[in-house]
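The structure appears right after this line, and notes come after that.
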Amino acid sequence: MTSYLSWFIASRPKTLPAAIAPVLAGSAFAYYDHQFDLLIFFLICIAALGIQVGTNFSNDLHDFLKGTDTEHRLGPLRATQAGFITPTQMKTGTAVAFLIALLAGSYLAFIGGWVIVLIGLTSFAAGIAYTAGPYPLGYHGWGDVFVFLYFGLIAVGGTFFLYTGTIQGEVLLTGAAMGGLSTAILTVNNLRDADMDIHTGKKTLAVRWGKSFVRWEYIICVLFPYVASGVLFFQFNFPLAVFLTWFSIPMAVNLIISVFRDSGTRLNITLGKTARLLLIYSILLALGLIL
């Protein structure tokens with residue numbers, strides 16, 4: 001396998017919409033308020049992708065070191081476990097990805113001030129602490145909270161703040177919608193791996209509270225964004241075009257059926273389609289705001 005393909009696998013491309021979608025949403029609100037800036041948008045995308053890829057590299061490495069990723073795993077191939085990338089190389093790759101995010105974020109920190117500095121530093125720390133350190137968040141059931149906050153409220157709110165210097169209720173509402181869909185991706189991952197995680201000591205919510213709980217969690221996470229679109233229209237007086245997001249409801253319903261019907265490796269397809277739903281929802285919402 002070529003080195004390029006190995007690093008591509010390690011980046012976990014199916015999860016990358018979780019980095020871009022909240023940036024699209026926050027930027028669309030800024031455009032709606034006539035405060036969009038193309039340079040800021042570009043740098044936020046680079047920083048968000050750098051943090052996401054760096055987190056994925058770190059997870060790939062530390063899940064292998066902890067013995068969570070084995071040849072019996074049900075999820076997609078992991079580069080360190082498969083021997084495509086050595087642990088030392090993965091450490092270097094993690095550092096490079098975070099460095100790229102840091103370089104892109106330096107200008108953002110300059111224009112956004114201490115709030116953006118705080119968001120950036122805690123994002124780096126949380127990305128590493130997700131699977132590394134003495135108390136890895138993902139191994140103690142905190143992964144859902146981390147994803148909801150950093151890929152939802154903080155990502156959308158922070159993006160909008162960079163353009164405008166303010167935070168608004170409708171932006172945080174949409175941040176919750178983005179966070180819900182991002183959490184849904186993690187929920188599928190934890191549902192798929194629940195039986196194995198019991199034996200490896202990874203106490204996700206699927207292990208702590210059972211598969212039925214996370215299936216219902218998935219329903220709430222996937223359907224709430226459509227409620228949020230309605231609130232944007234009825235409560236915040238946004239244009240009718242915000243209901244463009246509802247064109248993705250059939251996809252959401254099919255995914256809910258899949259989560260209750262499928263198990264094992266078949267959930268890998270559901271995971272990828274959930275990430276696709278997140279991206280499609282954010283694009284439709286952006287179109288509704290800028291058209």
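Following the order of the structure tokens, chains are lettered A, B, ..., residues in each are numbered from 1, and ligands are numbered from 1.
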Practice prompt. Write down as number ranges by chain the residues belonging to segment 72-106 of chain A that are assigned helix (DSSP H, G or I) by DSSP computed on the backbone.
Written response: A: 79-82, 87-106
With C-alpha atoms retained, write the just-selected residues as a PDB file, in the first residue's frame.
ATOM      1  CA  ALA A  79      -3.472   2.314   9.653  1.00  0.00           C
ATOM      2  CA  THR A  80      -1.365   1.740  12.779  1.00  0.00           C
ATOM      3  CA  GLN A  81      -3.047  -1.533  13.700  1.00  0.00           C
ATOM      4  CA  ALA A  82      -2.686  -2.802  10.124  1.00  0.00           C
ATOM      5  CA  PRO A  87       3.586   4.441  15.881  1.00  0.00           C
ATOM      6  CA  THR A  88       6.515   6.837  15.526  1.00  0.00           C
ATOM      7  CA  GLN A  89       5.327   7.963  12.101  1.00  0.00           C
ATOM      8  CA  MET A  90       1.807   8.423  13.442  1.00  0.00           C
ATOM      9  CA  LYS A  91       3.087  10.614  16.273  1.00  0.00           C
ATOM     10  CA  THR A  92       4.869  12.754  13.690  1.00  0.00           C
ATOM     11  CA  GLY A  93       1.749  12.888  11.502  1.00  0.00           C
ATOM     12  CA  THR A  94      -0.349  13.981  14.480  1.00  0.00           C
ATOM     13  CA  ALA A  95       2.087  16.773  15.266  1.00  0.00           C
ATOM     14  CA  VAL A  96       2.147  17.952  11.641  1.00  0.00           C
ATOM     15  CA  ALA A  97      -1.662  18.023  11.390  1.00  0.00           C
ATOM     16  CA  PHE A  98      -1.970  20.046  14.592  1.00  0.00           C
ATOM     17  CA  LEU A  99       0.842  22.350  13.440  1.00  0.00           C
ATOM     18  CA  ILE A 100      -1.047  23.093  10.214  1.00  0.00           C
ATOM     19  CA  ALA A 101      -4.134  23.891  12.289  1.00  0.00           C
ATOM     20  CA  LEU A 102      -2.036  26.106  14.554  1.00  0.00           C
ATOM     21  CA  LEU A 103      -0.556  28.056  11.643  1.00  0.00           C
ATOM     22  CA  ALA A 104      -3.967  28.633  10.082  1.00  0.00           C
ATOM     23  CA  GLY A 105      -5.412  29.484  13.476  1.00  0.00           C
ATOM     24  CA  SER A 106      -2.757  32.077  14.308  1.00  0.00           C
TER      25      SER A 106
END
Counting only C-alpha atoms, which residues in segment 8-52 of chain A sit no more than 12 Å from segment 137-158 of chain A? For each one, give the nearest pair of atoms and the distance in Å, sorted by chain then residue number, as CSV.
residue,atom,partner,partner_atom,distance
A:Thr15,CA,A:Phe151,CA,11.1
A:Leu16,CA,A:Phe151,CA,10.8
A:Pro17,CA,A:Phe151,CA,10.1
A:Ala18,CA,A:Phe151,CA,6.4
A:Ala19,CA,A:Phe151,CA,6.8
A:Ile20,CA,A:Phe151,CA,9.3
A:Ala21,CA,A:Phe151,CA,8.7
A:Pro22,CA,A:Val156,CA,4.9
A:Val23,CA,A:Val156,CA,6.1
A:Leu24,CA,A:Val156,CA,8.3
A:Ala25,CA,A:Val156,CA,6.4
A:Gly26,CA,A:Val156,CA,4.7
A:Ser27,CA,A:Val156,CA,8.2
A:Ala28,CA,A:Val156,CA,10.0
A:Phe29,CA,A:Val156,CA,9.4
A:Ala30,CA,A:Val156,CA,10.6
A:Ile40,CA,A:Gly158,CA,11.8
A:Phe41,CA,A:Gly158,CA,11.8
A:Ile44,CA,A:Gly158,CA,9.6
A:Cys45,CA,A:Ala155,CA,10.8
A:Ala47,CA,A:Ala155,CA,11.0
A:Ala48,CA,A:Ala155,CA,8.5
A:Leu49,CA,A:Phe151,CA,11.5
A:Ile51,CA,A:Tyr150,CA,10.7
A:Gln52,CA,A:Phe151,CA,9.6
Practice prompt. Identify, on the basis of only C-alpha atoms, every residue whose closest approach to Val115 of chain A does not exceed 12 Å; exclude the query and any residue fewer than 2 positions from it along the same chain; express the result as a list of chain:residue names.
Written response: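 Using only C-alpha atoms, the neighbours found are A:Leu108, A:Ala109, A:Phe110, A:Ile111, A:Gly112, A:Gly113, A:Val117, A:Leu118, A:Ile119, A:Gly120, A:Leu121, A:Thr122, A:Ile154, A:Gly157, A:Gly158, A:Thr159, A:Phe161, A:Leu162, A:Gly165, A:Thr166, A:Ile167.
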Output N, CA and C atoms for every residue in that selection, as a PDB file, in the first residue's frame.
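The resulting file, part.pdb, is reproduced below:
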ATOM      1  N   LEU A 108      -6.470  33.693  12.828  1.00  0.00           N
ATOM      2  CA  LEU A 108      -7.814  33.708  13.409  1.00  0.00           C
ATOM      3  C   LEU A 108      -7.761  34.162  14.864  1.00  0.00           C
ATOM      4  N   ALA A 109      -6.732  33.716  15.586  1.00  0.00           N
ATOM      5  CA  ALA A 109      -6.576  34.139  16.976  1.00  0.00           C
ATOM      6  C   ALA A 109      -6.278  35.636  17.051  1.00  0.00           C
ATOM      7  N   PHE A 110      -5.537  36.139  16.061  1.00  0.00           N
ATOM      8  CA  PHE A 110      -5.203  37.564  16.033  1.00  0.00           C
ATOM      9  C   PHE A 110      -6.457  38.417  15.882  1.00  0.00           C
ATOM     10  N   ILE A 111      -7.382  37.987  15.006  1.00  0.00           N
ATOM     11  CA  ILE A 111      -8.581  38.791  14.783  1.00  0.00           C
ATOM     12  C   ILE A 111      -9.696  38.473  15.787  1.00  0.00           C
ATOM     13  N   GLY A 112      -9.660  37.260  16.370  1.00  0.00           N
ATOM     14  CA  GLY A 112     -10.734  36.859  17.272  1.00  0.00           C
ATOM     15  C   GLY A 112     -10.440  37.059  18.734  1.00  0.00           C
ATOM     16  N   GLY A 113      -9.158  37.242  19.075  1.00  0.00           N
ATOM     17  CA  GLY A 113      -8.792  37.506  20.458  1.00  0.00           C
ATOM     18  C   GLY A 113      -8.752  36.264  21.343  1.00  0.00           C
ATOM     19  N   VAL A 117      -8.390  31.964  20.953  1.00  0.00           N
ATOM     20  CA  VAL A 117      -7.225  31.286  21.532  1.00  0.00           C
ATOM     21  C   VAL A 117      -7.678  30.173  22.460  1.00  0.00           C
ATOM     22  N   LEU A 118      -8.651  30.465  23.313  1.00  0.00           N
ATOM     23  CA  LEU A 118      -9.177  29.473  24.245  1.00  0.00           C
ATOM     24  C   LEU A 118      -9.812  28.295  23.502  1.00  0.00           C
ATOM     25  N   ILE A 119     -10.616  28.606  22.478  1.00  0.00           N
ATOM     26  CA  ILE A 119     -11.251  27.544  21.689  1.00  0.00           C
ATOM     27  C   ILE A 119     -10.184  26.667  21.033  1.00  0.00           C
ATOM     28  N   GLY A 120      -9.165  27.302  20.458  1.00  0.00           N
ATOM     29  CA  GLY A 120      -8.121  26.544  19.779  1.00  0.00           C
ATOM     30  C   GLY A 120      -7.350  25.642  20.723  1.00  0.00           C
ATOM     31  N   LEU A 121      -6.929  26.185  21.854  1.00  0.00           N
ATOM     32  CA  LEU A 121      -6.135  25.399  22.799  1.00  0.00           C
ATOM     33  C   LEU A 121      -6.937  24.234  23.375  1.00  0.00           C
ATOM     34  N   THR A 122      -8.179  24.486  23.742  1.00  0.00           N
ATOM     35  CA  THR A 122      -8.990  23.398  24.294  1.00  0.00           C
ATOM     36  C   THR A 122      -9.347  22.362  23.222  1.00  0.00           C
ATOM     37  N   ILE A 154     -19.550  24.943  19.790  1.00  0.00           N
ATOM     38  CA  ILE A 154     -18.303  25.714  19.727  1.00  0.00           C
ATOM     39  C   ILE A 154     -17.889  25.974  18.284  1.00  0.00           C
ATOM     40  N   GLY A 157     -20.644  28.385  16.679  1.00  0.00           N
ATOM     41  CA  GLY A 157     -20.578  29.652  17.384  1.00  0.00           C
ATOM     42  C   GLY A 157     -19.244  30.351  17.185  1.00  0.00           C
ATOM     43  N   GLY A 158     -18.143  29.593  17.262  1.00  0.00           N
ATOM     44  CA  GLY A 158     -16.821  30.175  17.074  1.00  0.00           C
ATOM     45  C   GLY A 158     -16.623  30.707  15.666  1.00  0.00           C
ATOM     46  N   THR A 159     -17.140  29.981  14.672  1.00  0.00           N
ATOM     47  CA  THR A 159     -17.045  30.441  13.287  1.00  0.00           C
ATOM     48  C   THR A 159     -17.761  31.769  13.109  1.00  0.00           C
ATOM     49  N   PHE A 161     -18.533  33.919  15.396  1.00  0.00           N
ATOM     50  CA  PHE A 161     -17.862  34.944  16.202  1.00  0.00           C
ATOM     51  C   PHE A 161     -16.672  35.540  15.466  1.00  0.00           C
ATOM     52  N   LEU A 162     -15.951  34.721  14.707  1.00  0.00           N
ATOM     53  CA  LEU A 162     -14.796  35.219  13.972  1.00  0.00           C
ATOM     54  C   LEU A 162     -15.187  36.260  12.926  1.00  0.00           C
ATOM     55  N   GLY A 165     -17.783  38.983  15.735  1.00  0.00           N
ATOM     56  CA  GLY A 165     -17.448  39.376  17.100  1.00  0.00           C
ATOM     57  C   GLY A 165     -18.594  39.228  18.069  1.00  0.00           C
ATOM     58  N   THR A 166     -19.673  38.545  17.649  1.00  0.00           N
ATOM     59  CA  THR A 166     -20.853  38.358  18.503  1.00  0.00           C
ATOM     60  C   THR A 166     -21.330  36.909  18.437  1.00  0.00           C
ATOM     61  N   ILE A 167     -22.235  36.580  19.316  1.00  0.00           N
ATOM     62  CA  ILE A 167     -22.905  35.274  19.319  1.00  0.00           C
ATOM     63  C   ILE A 167     -24.405  35.530  19.393  1.00  0.00           C
TER      64      ILE A 167
END
Discussion item. When you count only C-alpha atoms, which of these residues is closest to Tyr163 of chain A: A:Tyr218, A:Phe260, A:Phe124, A:Tyr32?
Written reply: A:Tyr32
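You can rank A:His199, A:Arg78, A:Lys211, A:Arg261 by their closest distance to Ser6 of chain A using only C-alpha atoms, and at the top of that list sits A:Arg78.
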Restrict the calculation to only C-alpha atoms, then for each residue of segment 93-134 of chain A with any atom at most 12 Å from an atom of segment 63-69 of chain A give the closest atom pair and their distance in Å to one decimal, rows by chain and rising residue number, as CSV.
residue,atom,partner,partner_atom,distance
A:Ile128,CA,A:Asp63,CA,11.7
A:Ala129,CA,A:Asp63,CA,11.9
A:Tyr130,CA,A:Asp63,CA,10.1
A:Thr131,CA,A:Asp63,CA,6.7
A:Ala132,CA,A:Asp63,CA,8.4
A:Gly133,CA,A:Lys66,CA,10.8
A:Pro134,CA,A:Lys66,CA,11.5
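Using only C-alpha atoms, the nearest neighbour of Leu240 of chain A within the list A:Gly54, A:Thr270, A:Ile46, A:Leu287 is A:Leu287.
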Worksheet item: Which residue out of A:Arg12, A:Met178, A:Asn189, A:Ile116 has the minimum interatomic distance to Ser263 of chain A when only C-alpha atoms are used?
Response: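 Nearest to Ser263 of chain A: A:Asn189.
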Fill in: Closest of A:Gln35, A:Thr245, A:Asn190, A:Thr265 to Ala228 of chain A - atom-to-atom distances counting only C-alpha atoms
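Checking each of A:Gln35, A:Thr245, A:Asn190, A:Thr265 against Ala228 of chain A, counting only C-alpha atoms, the winner is A:Thr245.
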Worksheet entry | Atomic distance atom CA of Gly288 of chain A - atom CA of Leu244 of chain A, expressed in Å with one decimal |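 Between atom CA of Gly288 of chain A and atom CA of Leu244 of chain A the gap works out to 6.2 Å.
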Fill in: Distance query Ala194 of chain A at most 8 Å, only C-alpha atoms, self and fewer than 5 positions along chain excluded, as a count of residues only
4
